[in-house]
Amino acid sequence: MIYIDTVESEGQGVYFDTHSVERCDNGVKICGMVGDGYYEGEVLIELGRDAEVTFVDQWLGNADEAASFLLRCGNDRIRAALVQAALQIPLVKEGRCGVSREPAPHVHLPLFAGTSRVEEENARWEAAF
């Protein structure tokens with residue numbers, strides 16, 4: 001959870017809780033929850049050539065609560081603060097988001113190199129064939 005460097009009109013601190021960070025064709029998508037104690041809603045931050053912030057409640061949830069939150073915090077101010085907070089996430093900042101490596105074979109472990117067998121005095125099972 002990140003406390004964003006902004007305060008809404010009633011003095012409440014604004015926080016952003018990251019759920020996922022994923023690399024896409026044009027940059028990075030960060031999904032999480034943003035709130036101030038009165039409102040909590042899903043937000044999508046897309047960083048690429050441009051930065052876009054989408055409040056999911058404006059499209060799928062209670063648009064009135066999202067609008068009230070944006071009014072208390074200042075629409076442009078909260079969007080800019082969310083972008084700045086997203087840029088400080090270590091996976092984004094260090095460019096490690098979505099970094100993959102070439103597949104490598106498993107190391108041979110001599111502990112499991114011998115042949116396998118089952119030894120029981122009185123077998124309690126039978127083969128199916």
# chains A, B, ... in the order shown; residues from 1 in each chain; ligands from 1

$ residues_around --residues "range 47-49 of chain A" --least-positions-apart "6" --cutoff "7 Å" --atoms "only C-alpha atoms" --output "list in words"
Asn26, Gly27, Val28 and Lys29 of chain A

$ write_last_selection --atoms "C-alpha atoms" --output "compact mmCIF listing (two decimals), in the first residue's frame"
# COMPACT_ATOMS: atom_id res chain seq x y z
CA ASN A 26 2.97 -0.18 -25.17
CA GLY A 27 4.21 -0.04 -21.57
CA VAL A 28 2.92 -1.16 -18.19
CA LYS A 29 -0.53 -1.62 -16.66

$ atom_distance --atom1 "CA of Thr18 in chain A" --atom2 "CA of Cys31 in chain A"
6.1 Å

$ closest_residue --among "A:Glu42, A:Arg72, A:Val21, A:Val92" --to "Gln58 in chain A" --atoms "only C-alpha atoms"
A:Glu42

$ closest_residue --among "A:Glu52, A:Glu65, A:Asp57, A:Glu22" --to "Ala80 in chain A" --atoms "only C-alpha atoms"
A:Glu52

$ atom_distance --atom1 "CA of Glu46 in chain A" --atom2 "CA of Ile30 in chain A"
6.4 Å

$ atom_distance --atom1 "CA of Asp50 in chain A" --atom2 "CA of Ser68 in chain A"
25.7 Å

$ closest_residue --among "A:Gln12, A:Arg77, A:Arg23, A:Asn62" --to "Leu91 in chain A" --atoms "only C-alpha atoms"
A:Arg23

$ residues_around --residues "Tyr15 in chain A" --least-positions-apart "5" --cutoff "10 Å" --atoms "only C-alpha atoms" --output "VMD selection string"
chain A and resid 1 to 7 33 to 37 40 82 85

$ decode --residues "range 7-95 of chain A" --atoms "C-alpha atoms" --output "PDB file, in the first residue's frame"
ATOM      1  CA  VAL A   7      -4.754  15.067   0.836  1.00  0.00           C
ATOM      2  CA  GLU A   8      -8.403  15.407  -0.052  1.00  0.00           C
ATOM      3  CA  SER A   9     -10.487  18.427   0.895  1.00  0.00           C
ATOM      4  CA  GLU A  10     -11.534  17.034   4.290  1.00  0.00           C
ATOM      5  CA  GLY A  11      -7.972  16.199   5.320  1.00  0.00           C
ATOM      6  CA  GLN A  12      -8.072  12.444   4.663  1.00  0.00           C
ATOM      7  CA  GLY A  13      -4.954  10.815   3.220  1.00  0.00           C
ATOM      8  CA  VAL A  14      -5.290   8.995  -0.082  1.00  0.00           C
ATOM      9  CA  TYR A  15      -3.854   5.504  -0.512  1.00  0.00           C
ATOM     10  CA  PHE A  16      -3.216   3.186  -3.444  1.00  0.00           C
ATOM     11  CA  ASP A  17      -2.995  -0.586  -2.973  1.00  0.00           C
ATOM     12  CA  THR A  18      -1.415  -2.364  -5.940  1.00  0.00           C
ATOM     13  CA  HIS A  19      -2.982  -5.641  -7.080  1.00  0.00           C
ATOM     14  CA  SER A  20      -1.039  -6.349 -10.240  1.00  0.00           C
ATOM     15  CA  VAL A  21       1.658  -4.969 -12.491  1.00  0.00           C
ATOM     16  CA  GLU A  22       1.827  -6.291 -16.021  1.00  0.00           C
ATOM     17  CA  ARG A  23       3.853  -5.397 -19.057  1.00  0.00           C
ATOM     18  CA  CYS A  24       1.926  -4.872 -22.274  1.00  0.00           C
ATOM     19  CA  ASP A  25       2.841  -3.915 -25.837  1.00  0.00           C
ATOM     20  CA  ASN A  26       2.968  -0.183 -25.167  1.00  0.00           C
ATOM     21  CA  GLY A  27       4.212  -0.042 -21.571  1.00  0.00           C
ATOM     22  CA  VAL A  28       2.923  -1.159 -18.188  1.00  0.00           C
ATOM     23  CA  LYS A  29      -0.532  -1.619 -16.657  1.00  0.00           C
ATOM     24  CA  ILE A  30      -0.969  -1.283 -12.904  1.00  0.00           C
ATOM     25  CA  CYS A  31      -4.233  -2.321 -11.310  1.00  0.00           C
ATOM     26  CA  GLY A  32      -5.182  -1.574  -7.723  1.00  0.00           C
ATOM     27  CA  MET A  33      -7.515   0.066  -5.234  1.00  0.00           C
ATOM     28  CA  VAL A  34      -7.518   3.753  -4.419  1.00  0.00           C
ATOM     29  CA  GLY A  35      -9.318   5.261  -1.472  1.00  0.00           C
ATOM     30  CA  ASP A  36      -9.504   7.899   1.218  1.00  0.00           C
ATOM     31  CA  GLY A  37     -11.529   6.266   3.994  1.00  0.00           C
ATOM     32  CA  TYR A  38     -14.879   7.327   2.558  1.00  0.00           C
ATOM     33  CA  TYR A  39     -14.460   5.791  -0.873  1.00  0.00           C
ATOM     34  CA  GLU A  40     -12.522   2.802  -2.180  1.00  0.00           C
ATOM     35  CA  GLY A  41     -12.543   1.788  -5.815  1.00  0.00           C
ATOM     36  CA  GLU A  42     -10.650  -0.045  -8.500  1.00  0.00           C
ATOM     37  CA  VAL A  43      -8.265   1.951 -10.671  1.00  0.00           C
ATOM     38  CA  LEU A  44      -6.216   1.073 -13.752  1.00  0.00           C
ATOM     39  CA  ILE A  45      -3.058   3.048 -14.480  1.00  0.00           C
ATOM     40  CA  GLU A  46      -1.531   2.609 -17.919  1.00  0.00           C
ATOM     41  CA  LEU A  47       1.992   3.908 -18.444  1.00  0.00           C
ATOM     42  CA  GLY A  48       3.462   4.146 -21.922  1.00  0.00           C
ATOM     43  CA  ARG A  49       3.997   7.048 -24.265  1.00  0.00           C
ATOM     44  CA  ASP A  50       1.163   8.720 -22.386  1.00  0.00           C
ATOM     45  CA  ALA A  51      -0.212   7.960 -18.950  1.00  0.00           C
ATOM     46  CA  GLU A  52      -3.866   7.106 -18.509  1.00  0.00           C
ATOM     47  CA  VAL A  53      -5.804   6.609 -15.286  1.00  0.00           C
ATOM     48  CA  THR A  54      -9.185   4.872 -15.407  1.00  0.00           C
ATOM     49  CA  PHE A  55     -11.497   4.735 -12.417  1.00  0.00           C
ATOM     50  CA  VAL A  56     -13.424   1.509 -12.980  1.00  0.00           C
ATOM     51  CA  ASP A  57     -16.411   2.656 -10.889  1.00  0.00           C
ATOM     52  CA  GLN A  58     -17.073   5.399 -13.423  1.00  0.00           C
ATOM     53  CA  TRP A  59     -17.832   2.640 -15.950  1.00  0.00           C
ATOM     54  CA  LEU A  60     -18.972  -0.412 -13.987  1.00  0.00           C
ATOM     55  CA  GLY A  61     -19.794   0.595 -10.436  1.00  0.00           C
ATOM     56  CA  ASN A  62     -21.244   3.486  -8.542  1.00  0.00           C
ATOM     57  CA  ALA A  63     -20.330   6.499 -10.671  1.00  0.00           C
ATOM     58  CA  ASP A  64     -21.710   8.924  -8.065  1.00  0.00           C
ATOM     59  CA  GLU A  65     -19.274   7.750  -5.368  1.00  0.00           C
ATOM     60  CA  ALA A  66     -16.353   7.914  -7.795  1.00  0.00           C
ATOM     61  CA  ALA A  67     -17.378  11.420  -8.847  1.00  0.00           C
ATOM     62  CA  SER A  68     -17.626  12.507  -5.201  1.00  0.00           C
ATOM     63  CA  PHE A  69     -14.130  11.105  -4.517  1.00  0.00           C
ATOM     64  CA  LEU A  70     -12.678  12.917  -7.530  1.00  0.00           C
ATOM     65  CA  LEU A  71     -14.361  16.143  -6.452  1.00  0.00           C
ATOM     66  CA  ARG A  72     -12.926  15.879  -2.915  1.00  0.00           C
ATOM     67  CA  CYS A  73      -9.413  15.045  -4.158  1.00  0.00           C
ATOM     68  CA  GLY A  74      -9.309  17.060  -7.347  1.00  0.00           C
ATOM     69  CA  ASN A  75      -9.594  15.074 -10.557  1.00  0.00           C
ATOM     70  CA  ASP A  76      -6.358  16.215 -12.220  1.00  0.00           C
ATOM     71  CA  ARG A  77      -4.434  16.237  -8.951  1.00  0.00           C
ATOM     72  CA  ILE A  78      -5.341  12.661  -7.981  1.00  0.00           C
ATOM     73  CA  ARG A  79      -4.645  11.363 -11.497  1.00  0.00           C
ATOM     74  CA  ALA A  80      -1.192  12.990 -11.522  1.00  0.00           C
ATOM     75  CA  ALA A  81      -0.458  11.676  -8.013  1.00  0.00           C
ATOM     76  CA  LEU A  82      -1.469   8.129  -9.030  1.00  0.00           C
ATOM     77  CA  VAL A  83       0.812   8.256 -12.075  1.00  0.00           C
ATOM     78  CA  GLN A  84       3.711   9.483  -9.925  1.00  0.00           C
ATOM     79  CA  ALA A  85       3.041   6.744  -7.356  1.00  0.00           C
ATOM     80  CA  ALA A  86       2.922   4.116 -10.110  1.00  0.00           C
ATOM     81  CA  LEU A  87       6.253   5.294 -11.498  1.00  0.00           C
ATOM     82  CA  GLN A  88       7.800   4.679  -8.061  1.00  0.00           C
ATOM     83  CA  ILE A  89       6.730   1.016  -7.853  1.00  0.00           C
ATOM     84  CA  PRO A  90      10.004  -0.980  -7.893  1.00  0.00           C
ATOM     85  CA  LEU A  91       8.973  -3.288 -10.754  1.00  0.00           C
ATOM     86  CA  VAL A  92       8.126  -0.272 -12.887  1.00  0.00           C
ATOM     87  CA  LYS A  93      10.994   1.953 -11.733  1.00  0.00           C
ATOM     88  CA  GLU A  94      13.663  -0.686 -12.300  1.00  0.00           C
ATOM     89  CA  GLY A  95      12.134  -1.901 -15.543  1.00  0.00           C
TER      90      GLY A  95
END
